[in-house]
Each structure stands twice: as C-alpha cells, then as structure tokens.
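Following: one structure in structure tokens, then a few remarks.
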Amino acid sequence: MQALAGIHHITALANDPCANVEFYQDVLGQRLVKRTVNFDDPNMHHLYYGDEVGSPGTILTFFPWPGLRRGQRGVGEAAAVAYAVAHDSLAYWRARLAAYDMPATDDGERFGQPVLILEDVDGMPLELVEVESPPPVQLWRGGPIPAEHMLRGFFGVTLRVRAAEPTATLLTELFGYRLVATEGDRLRFQATPGAPGAIVDLLVQPHAPVGRMGAGSVHHVAFRVPDEAAQLALRERLVAAGLSVTPVRDRQYFRSVYFYEPGGVLFEIATDGPGMLIDETLTELGSALRLPPWLETYRPEIAQALPPLGNL
Ligand code: ZN
C-alpha cells in the first residue's frame, strides 16, 4: 500500500485572535495565508498560517474565540505540534523567544535530534526539531525570520493515547506508516520520508486523564491525499475497518472527511487541492476576509459579528 504523504493541516483552538496573529505571524514568522470563518459556525474566525502559499504540510489553522477557557491536556488529543527547522537553528529560536518574553519551556534531544519545546500564547505545546534535510517548502520572504532559520513546515505531531496498539494499527495498516523508533513511552511512526509532517509520535500514557478541549488544544489533525479519488478509496477502507467516517465536505480550499481514530483523536483526510490560491492571488493571500460562495450572501452580518483582528 502506498503510504500517505503526511500531515495536510492541523487545526487548534485559541482565545484572542489578535494575540494569535501576533504570535504566529510576528514571532514565529508564519504567513497568515487565509482569513475566513468556521464554515460550521460563521461567527468565528478561521485563521490559516503556513508557508508563502499555504502548502499542505505547513498549514496550522485556528478557531479563535475570545474568552474561551484553556483546555486540559490529556489522552485522546494531540499533545504537541512540531515544526522542522534547519540544522543549527535552535540557538536563534531560543534567543528570539526569550526576546519576546516567551522563553522555551524545555530543550533537549529526542531520537538523536535537538528539540526546543515552547508554548504559544494559549499554552499550546509546540516543538521545533532540527533536521539534516528540511522538507522543501515555499519560504515566506516577506516575514520577519532570516531564510536560514525559518520554520520549514511541520515535522510531525504527537498524539497522547492510553494504549498504542489501536492507533498504531490504523497508522500502519490503513495509512501505510512504519514504526521507525521507540524511546521510553514514545513510539515514532513515519509516512513517506521527505514530505513535511511525515512523523506521528504516539505518547503512551495508560493512566493519564482524558483531555478537555479549550484554548490551546488541538482540535483535529488532517492527513493528505492527492485528490478526491484517493480520498474516496481511503474512506472506503476506513469504513470497512469499522470506523465511522463523515461524508465528503467541501472546505473550499480542500475536500474533507472526518473520523475519530480509536485513541480518541479527531482525524481528517484532506485533498491537496484546490488550495489557497482558489480565491486570492499569491500577493493577496490573507489580506481580506474570504467566504465560500454559500456564505457570501451573509457577508455583512458575518463581518459585523466577527471579533476584531487588530490592524488587519
Ligand atoms: Zn481541518
């Protein structure tokens, strides 16, 4: 079986949208490539950050909701989102985070690779992992970070689960991932090497409480398929394996199906296309509120109800 290429995007919950933009755009140097709304709840922003064009494998999105209380970490959710950086970049990031008064919370090695651990403004765990050959992404030249130290898309994601086996079986038998290493209570799985976001770590914690969603929680993890035919084929295999998968939903920038993996994490399978350039040029990306055709009629009401986004 052909392995999936890795992560398409990761979606998380936040509190203040302005603080979210300041952190991801101004501190981490991720381009805000799309400003839209939560299609299932258009009173809420949906902010997309990524490389210059919002390539699959680089996209972190947020549903910010002012006043949302923080989540509680636990099993059944993603424990951390990891970005790849080039060799010898962590000293730069350590200094930059300290200068913004958001110092790294931990620093060390994992599977022989240097890792810097930090939290975003809502306490969401992020990791920067130094890799020898960073994945090819479209560097955002308009951002504040020197090219050699820019984030290079996702390294991967860590899922916290009570037992390894059910999720491991899904990853290996249905997604085509391989178990490549084990270190303590952490199992590392890899999709096609070379693509951004090829790693899934399972952190196995049999006695941890169940996580509770809130600001700083990952809402779901989306994996890539090249097109709608591959999506339908994978959907059929998931259904045949007994999983309860939604019908295909039109997310404007990709097509999606969703299901809960057996460890309790919400997974999505998203198509690579049509992509972020369907309703904006490369220069325009993220510059204005974009709505899908079925919400465009309600633009005045939607725009008025959205919380302010600072100077944007
Ligand atoms: Zn999604």
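Identifiers in this document derive from the order of the structure tokens: chains are assigned A, B, ..., residues are numbered from 1 separately in each chain, and ligands are numbered from 1 in order of occurrence.
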Query - Given 10 Å and only C-alpha atoms and all ligand atoms, residues near ligand 1 as a list of chain:residue names - result: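 The residues near ligand 1 are A:His8, A:His9, A:Ile10, A:Thr11, A:Ala12, A:Ile59, A:Leu60, A:Thr61, A:Phe62, A:His219, A:His220, A:Val221, A:Ala222, A:Phe223, A:Arg251, A:Phe254, A:Arg255, A:Ser256, A:Val257, A:Tyr258, A:Leu266, A:Phe267, A:Glu268, A:Ile269, A:Ala270.
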Query - Contacts of Val129 in chain A within 12 Å, only C-alpha atoms, excl. fewer than 4 positions in-chain, as a PyMOL selection string - result: chain A and resi 80-91+93+107-118+133-134+149-157+197+199
Please identify all polymer residues within 10 Å of range 280-285 of chain A, counting only C-alpha atoms, omitting same-chain residues fewer than 5 positions from it, and present them as a tab-separated table (two decimals) with N, CA, C and O atoms, in the first residue's frame.
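Now in out17.tsv:
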chain	number	residue	atom	x	y	z
A	31	ARG	N	3.23	32.84	7.58
A	31	ARG	CA	2.38	33.76	6.83
A	31	ARG	C	0.90	33.46	7.12
A	31	ARG	O	0.48	32.30	7.05
A	32	LEU	N	0.14	34.52	7.44
A	32	LEU	CA	-1.32	34.37	7.53
A	32	LEU	C	-1.82	34.27	6.10
A	32	LEU	O	-1.87	35.28	5.39
A	33	VAL	N	-2.14	33.06	5.65
A	33	VAL	CA	-2.46	32.86	4.23
A	33	VAL	C	-3.96	32.88	3.95
A	33	VAL	O	-4.36	32.96	2.78
A	34	LYS	N	-4.78	32.80	5.00
A	34	LYS	CA	-6.22	32.83	4.75
A	34	LYS	C	-6.94	33.32	5.98
A	34	LYS	O	-6.65	32.92	7.11
A	35	ARG	N	-7.87	34.28	5.73
A	35	ARG	CA	-8.78	34.73	6.79
A	35	ARG	C	-10.16	34.37	6.34
A	35	ARG	O	-10.71	34.98	5.42
A	52	GLU	N	4.70	30.38	2.29
A	52	GLU	CA	4.27	31.52	1.48
A	52	GLU	C	2.95	31.27	0.75
A	52	GLU	O	2.16	32.18	0.54
A	53	VAL	N	2.70	30.02	0.34
A	53	VAL	CA	1.46	29.73	-0.41
A	53	VAL	C	0.48	28.86	0.38
A	53	VAL	O	-0.55	28.46	-0.15
A	54	GLY	N	0.81	28.57	1.63
A	54	GLY	CA	-0.06	27.68	2.40
A	54	GLY	C	-0.04	26.26	1.85
A	54	GLY	O	-1.09	25.66	1.62
A	290	ARG	N	-12.28	36.14	3.42
A	290	ARG	CA	-12.77	35.35	2.27
A	290	ARG	C	-13.87	34.42	2.75
A	290	ARG	O	-13.73	33.79	3.80
**Report entry** Proximity to Leu13 in chain A - best of A:Gly214, A:Ala168, A:His207, A:Phe175, only C-alpha atoms
**Finding:**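 For Leu13 in chain A, the nearest of the candidates is A:Gly214.
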Query raised in the report: Which of these residues is nearest to Thr271 in chain A, using only C-alpha atoms: A:Ile302, A:Leu139, A:Ala229, A:Leu291?
Result: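 Closest candidate: A:Ala229.
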Query - Separation of CA of Thr58 in chain A from CA of Gly6 in chain A in Å - result: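 It comes out at 10.7 Å.
Shell of Leu202 in chain A at 9 Å, with only C-alpha atoms counted and residues fewer than 6 places along the chain excluded, is Val157, Thr158, Leu159, Arg160, Val161, Ala164, Thr167, Ala168, Asp185, Arg186, Leu187, Arg188 and Phe189 of chain A.
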Let me see the file: selected residues, N, CA and C atoms, as a compact mmCIF listing (two decimals), in the first residue's frame.
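Generated output (out.txt):
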# COMPACT_ATOMS: atom_id res chain seq x y z
N VAL A 157 3.48 15.40 14.48
CA VAL A 157 2.53 15.64 15.57
C VAL A 157 2.68 14.52 16.59
N THR A 158 2.45 14.84 17.86
CA THR A 158 2.45 13.82 18.91
C THR A 158 1.03 13.64 19.41
N LEU A 159 0.57 12.40 19.43
CA LEU A 159 -0.76 12.08 19.95
C LEU A 159 -0.61 11.38 21.30
N ARG A 160 -1.41 11.81 22.29
CA ARG A 160 -1.35 11.17 23.61
C ARG A 160 -2.50 10.16 23.69
N VAL A 161 -2.15 8.90 23.93
CA VAL A 161 -3.16 7.83 23.96
C VAL A 161 -2.92 6.93 25.17
N ALA A 164 -1.16 1.94 22.81
CA ALA A 164 -0.56 2.20 21.50
C ALA A 164 -1.27 1.45 20.38
N THR A 167 -4.30 2.71 17.72
CA THR A 167 -3.89 3.80 16.83
C THR A 167 -2.75 3.35 15.93
N ALA A 168 -1.83 2.56 16.50
CA ALA A 168 -0.69 2.07 15.70
C ALA A 168 -1.18 1.22 14.53
N ASP A 185 8.23 6.02 26.58
CA ASP A 185 6.80 5.83 26.30
C ASP A 185 6.39 6.45 24.96
N ARG A 186 7.38 6.69 24.09
CA ARG A 186 7.11 7.34 22.80
C ARG A 186 7.42 6.39 21.65
N LEU A 187 6.43 6.19 20.76
CA LEU A 187 6.62 5.38 19.56
C LEU A 187 6.58 6.30 18.36
N ARG A 188 7.55 6.14 17.45
CA ARG A 188 7.60 7.04 16.30
C ARG A 188 7.20 6.31 15.02
N PHE A 189 6.25 6.88 14.31
CA PHE A 189 5.78 6.34 13.03
C PHE A 189 6.10 7.35 11.94
Could you give me the residues within range 87-292 of chain A that DSSP places in strand (DSSP E), as a compact mmCIF listing (two decimals) with N, CA, C and O atoms, in the first residue's frame?
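That gives us part.txt:
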# COMPACT_ATOMS: atom_id res chain seq x y z
N ASP A 106 11.44 23.88 27.46
CA ASP A 106 12.35 22.73 27.60
C ASP A 106 13.20 22.66 26.35
O ASP A 106 12.90 23.27 25.33
N ASP A 107 14.22 21.87 26.48
CA ASP A 107 15.28 21.89 25.47
C ASP A 107 16.00 20.56 25.61
O ASP A 107 16.33 20.18 26.70
N GLY A 108 16.16 19.83 24.54
CA GLY A 108 16.88 18.57 24.70
C GLY A 108 17.00 17.83 23.39
O GLY A 108 17.02 18.44 22.31
N GLU A 109 17.09 16.51 23.49
CA GLU A 109 17.21 15.67 22.30
C GLU A 109 16.15 14.59 22.34
O GLU A 109 15.79 14.10 23.40
N ARG A 110 15.66 14.24 21.16
CA ARG A 110 14.71 13.14 21.05
C ARG A 110 15.11 12.33 19.82
O ARG A 110 15.30 12.93 18.76
N GLN A 113 17.75 13.90 17.79
CA GLN A 113 17.57 15.21 17.15
C GLN A 113 17.34 16.29 18.20
O GLN A 113 16.52 16.10 19.11
N PRO A 114 18.02 17.45 18.09
CA PRO A 114 17.77 18.54 19.04
C PRO A 114 16.33 19.07 18.90
O PRO A 114 15.83 19.25 17.79
N VAL A 115 15.69 19.29 20.06
CA VAL A 115 14.29 19.75 20.10
C VAL A 115 14.17 20.91 21.07
O VAL A 115 14.72 20.85 22.18
N LEU A 116 13.48 21.95 20.65
CA LEU A 116 13.15 23.07 21.53
C LEU A 116 11.65 23.03 21.76
O LEU A 116 10.88 22.94 20.80
N ILE A 117 11.24 23.07 23.03
CA ILE A 117 9.81 22.98 23.35
C ILE A 117 9.33 24.32 23.88
O ILE A 117 9.98 24.94 24.72
N LEU A 118 8.21 24.78 23.35
CA LEU A 118 7.67 26.07 23.76
C LEU A 118 6.15 25.98 23.83
O LEU A 118 5.57 24.94 23.50
N GLU A 119 5.53 27.07 24.26
CA GLU A 119 4.07 27.13 24.27
C GLU A 119 3.66 28.39 23.55
O GLU A 119 4.33 29.42 23.65
N PRO A 125 1.31 23.36 23.29
CA PRO A 125 2.70 22.90 23.15
C PRO A 125 3.14 22.83 21.69
O PRO A 125 2.48 22.23 20.84
N LEU A 126 4.27 23.48 21.43
CA LEU A 126 4.89 23.48 20.11
C LEU A 126 6.32 22.98 20.27
O LEU A 126 6.94 23.18 21.32
N GLU A 127 6.83 22.37 19.22
CA GLU A 127 8.22 21.90 19.25
C GLU A 127 8.91 22.33 17.96
O GLU A 127 8.29 22.32 16.89
N LEU A 128 10.16 22.69 18.08
CA LEU A 128 11.00 22.95 16.90
C LEU A 128 12.06 21.86 16.88
O LEU A 128 12.79 21.68 17.86
N VAL A 129 12.14 21.14 15.78
CA VAL A 129 13.05 20.00 15.68
C VAL A 129 14.08 20.27 14.59
O VAL A 129 13.71 20.55 13.44
N GLU A 130 15.35 20.18 14.95
CA GLU A 130 16.41 20.37 13.94
C GLU A 130 16.54 19.11 13.10
O GLU A 130 16.67 18.01 13.65
N VAL A 131 16.48 19.27 11.79
CA VAL A 131 16.63 18.12 10.89
C VAL A 131 17.75 18.40 9.89
O VAL A 131 18.00 19.55 9.52
N PHE A 154 5.71 21.39 8.88
CA PHE A 154 5.62 20.50 10.04
C PHE A 154 6.73 19.46 10.01
O PHE A 154 7.10 18.96 8.94
N PHE A 155 7.21 19.14 11.21
CA PHE A 155 7.99 17.92 11.39
C PHE A 155 7.01 16.78 11.63
O PHE A 155 7.09 15.73 11.01
N GLY A 156 6.04 17.02 12.51
CA GLY A 156 5.04 15.99 12.78
C GLY A 156 4.14 16.39 13.93
O GLY A 156 4.07 17.56 14.31
N VAL A 157 3.48 15.40 14.48
CA VAL A 157 2.53 15.64 15.57
C VAL A 157 2.68 14.52 16.59
O VAL A 157 3.03 13.39 16.22
N THR A 158 2.45 14.84 17.86
CA THR A 158 2.45 13.82 18.91
C THR A 158 1.03 13.64 19.41
O THR A 158 0.35 14.63 19.74
N LEU A 159 0.57 12.40 19.43
CA LEU A 159 -0.76 12.08 19.95
C LEU A 159 -0.61 11.38 21.30
O LEU A 159 0.22 10.47 21.44
N ARG A 160 -1.41 11.81 22.29
CA ARG A 160 -1.35 11.17 23.61
C ARG A 160 -2.50 10.16 23.69
O ARG A 160 -3.67 10.54 23.50
N VAL A 161 -2.15 8.90 23.93
CA VAL A 161 -3.16 7.83 23.96
C VAL A 161 -2.92 6.93 25.17
O VAL A 161 -1.83 6.90 25.73
N ARG A 178 5.14 3.51 8.93
CA ARG A 178 6.00 2.47 9.50
C ARG A 178 6.44 2.89 10.89
O ARG A 178 6.75 4.07 11.12
N LEU A 179 6.50 1.91 11.82
CA LEU A 179 7.09 2.17 13.13
C LEU A 179 8.60 2.24 12.92
O LEU A 179 9.21 1.27 12.49
N VAL A 180 9.21 3.39 13.22
CA VAL A 180 10.64 3.55 12.91
C VAL A 180 11.51 3.63 14.16
O VAL A 180 12.72 3.43 14.07
N ALA A 181 10.94 3.94 15.34
CA ALA A 181 11.77 4.04 16.54
C ALA A 181 10.89 4.06 17.79
O ALA A 181 9.71 4.42 17.72
N THR A 182 11.48 3.66 18.90
CA THR A 182 10.80 3.72 20.20
C THR A 182 11.77 4.29 21.21
O THR A 182 12.95 3.95 21.21
N GLU A 183 11.27 5.19 22.07
CA GLU A 183 12.11 5.80 23.10
C GLU A 183 11.22 6.03 24.32
O GLU A 183 10.35 6.89 24.29
N ARG A 186 7.38 6.69 24.09
CA ARG A 186 7.11 7.34 22.80
C ARG A 186 7.42 6.39 21.65
O ARG A 186 8.51 5.85 21.55
N LEU A 187 6.43 6.19 20.76
CA LEU A 187 6.62 5.38 19.56
C LEU A 187 6.58 6.30 18.36
O LEU A 187 5.67 7.13 18.25
N ARG A 188 7.55 6.14 17.45
CA ARG A 188 7.60 7.04 16.30
C ARG A 188 7.20 6.31 15.02
O ARG A 188 7.77 5.27 14.68
N PHE A 189 6.25 6.88 14.31
CA PHE A 189 5.78 6.34 13.03
C PHE A 189 6.10 7.35 11.94
O PHE A 189 6.03 8.56 12.16
N GLN A 190 6.40 6.84 10.75
CA GLN A 190 6.78 7.73 9.65
C GLN A 190 6.02 7.37 8.38
O GLN A 190 5.89 6.19 8.03
N ILE A 199 5.92 12.65 10.33
CA ILE A 199 6.06 11.92 11.59
C ILE A 199 4.78 11.97 12.43
O ILE A 199 4.16 13.02 12.57
N VAL A 200 4.39 10.82 12.98
CA VAL A 200 3.40 10.78 14.06
C VAL A 200 4.05 10.05 15.23
O VAL A 200 4.49 8.92 15.08
N ASP A 201 4.15 10.72 16.38
CA ASP A 201 4.61 10.07 17.60
C ASP A 201 3.39 9.72 18.43
O ASP A 201 2.47 10.54 18.57
N LEU A 202 3.39 8.52 18.99
CA LEU A 202 2.37 8.16 19.99
C LEU A 202 3.03 8.22 21.35
O LEU A 202 4.06 7.57 21.58
N LEU A 203 2.45 9.01 22.23
CA LEU A 203 2.92 9.10 23.61
C LEU A 203 1.94 8.25 24.41
O LEU A 203 0.76 8.60 24.52
N VAL A 204 2.42 7.12 24.92
CA VAL A 204 1.51 6.14 25.54
C VAL A 204 1.48 6.35 27.05
O VAL A 204 2.48 6.11 27.73
N VAL A 218 -5.38 21.16 20.43
CA VAL A 218 -5.52 20.82 19.02
C VAL A 218 -6.91 20.22 18.83
O VAL A 218 -7.33 19.34 19.57
N HIS A 219 -7.64 20.73 17.84
CA HIS A 219 -8.99 20.24 17.58
C HIS A 219 -8.96 18.98 16.72
O HIS A 219 -9.66 18.01 16.98
N HIS A 220 -8.16 19.00 15.65
CA HIS A 220 -8.03 17.80 14.82
C HIS A 220 -6.75 17.84 14.01
O HIS A 220 -6.12 18.90 13.87
N VAL A 221 -6.39 16.68 13.50
CA VAL A 221 -5.19 16.53 12.66
C VAL A 221 -5.65 16.01 11.30
O VAL A 221 -6.33 14.99 11.22
N ALA A 222 -5.28 16.73 10.23
CA ALA A 222 -5.68 16.33 8.87
C ALA A 222 -4.49 15.74 8.12
O ALA A 222 -3.39 16.31 8.15
N PHE A 223 -4.74 14.61 7.48
CA PHE A 223 -3.71 13.94 6.69
C PHE A 223 -4.01 14.14 5.21
O PHE A 223 -5.16 14.32 4.81
N ARG A 224 -2.94 14.04 4.40
CA ARG A 224 -3.05 14.38 2.98
C ARG A 224 -3.42 13.21 2.10
O ARG A 224 -2.88 12.12 2.23
N VAL A 225 -4.28 13.49 1.13
CA VAL A 225 -4.43 12.61 -0.04
C VAL A 225 -4.31 13.51 -1.27
O VAL A 225 -4.68 14.68 -1.22
N ARG A 249 -16.98 16.64 2.75
CA ARG A 249 -17.43 18.03 2.94
C ARG A 249 -16.55 18.96 2.13
O ARG A 249 -15.34 18.77 2.04
N ASP A 250 -17.20 19.99 1.58
CA ASP A 250 -16.49 20.98 0.77
C ASP A 250 -15.93 22.05 1.69
O ASP A 250 -16.69 22.86 2.25
N PHE A 254 -10.03 22.65 0.18
CA PHE A 254 -9.80 21.21 0.06
C PHE A 254 -11.11 20.51 0.35
O PHE A 254 -12.08 21.15 0.77
N ARG A 255 -11.16 19.21 0.07
CA ARG A 255 -12.33 18.39 0.41
C ARG A 255 -11.94 17.51 1.59
O ARG A 255 -10.81 17.02 1.63
N SER A 256 -12.89 17.28 2.50
CA SER A 256 -12.53 16.63 3.75
C SER A 256 -13.51 15.56 4.17
O SER A 256 -14.72 15.69 3.92
N VAL A 257 -13.00 14.52 4.81
CA VAL A 257 -13.82 13.60 5.60
C VAL A 257 -13.19 13.53 6.99
O VAL A 257 -11.99 13.78 7.15
N TYR A 258 -14.01 13.20 7.98
CA TYR A 258 -13.56 13.22 9.38
C TYR A 258 -13.95 11.91 10.06
O TYR A 258 -14.99 11.33 9.75
N PHE A 259 -13.14 11.50 11.01
CA PHE A 259 -13.49 10.35 11.86
C PHE A 259 -12.64 10.39 13.13
O PHE A 259 -11.57 11.01 13.14
N TYR A 260 -13.14 9.75 14.19
CA TYR A 260 -12.33 9.61 15.40
C TYR A 260 -11.49 8.36 15.28
O TYR A 260 -12.02 7.27 15.05
N LEU A 266 -9.57 13.31 16.86
CA LEU A 266 -10.32 13.57 15.63
C LEU A 266 -9.34 13.70 14.46
O LEU A 266 -8.43 14.55 14.50
N PHE A 267 -9.51 12.84 13.48
CA PHE A 267 -8.68 12.86 12.27
C PHE A 267 -9.51 13.36 11.10
O PHE A 267 -10.74 13.19 11.07
N GLU A 268 -8.83 13.94 10.12
CA GLU A 268 -9.45 14.38 8.89
C GLU A 268 -8.57 13.87 7.75
O GLU A 268 -7.36 13.74 7.92
N ILE A 269 -9.20 13.57 6.63
CA ILE A 269 -8.45 13.26 5.41
C ILE A 269 -8.78 14.37 4.43
O ILE A 269 -9.95 14.57 4.08
N ALA A 270 -7.77 15.14 4.01
CA ALA A 270 -8.00 16.32 3.18
C ALA A 270 -7.23 16.20 1.87
O ALA A 270 -6.10 15.71 1.83
N THR A 271 -7.86 16.69 0.80
CA THR A 271 -7.22 16.66 -0.52
C THR A 271 -6.21 17.81 -0.65
O THR A 271 -6.40 18.88 -0.08
N ASP A 272 -5.17 17.59 -1.43
CA ASP A 272 -4.16 18.65 -1.65
C ASP A 272 -4.77 19.87 -2.34
O ASP A 272 -4.39 21.00 -2.07
N GLY A 273 -5.71 19.63 -3.25
CA GLY A 273 -6.30 20.75 -3.98
C GLY A 273 -7.71 21.04 -3.51
O GLY A 273 -8.27 20.25 -2.76
N PRO A 274 -8.31 22.14 -3.97
CA PRO A 274 -7.74 23.12 -4.91
C PRO A 274 -6.71 24.07 -4.31
O PRO A 274 -5.99 24.72 -5.05
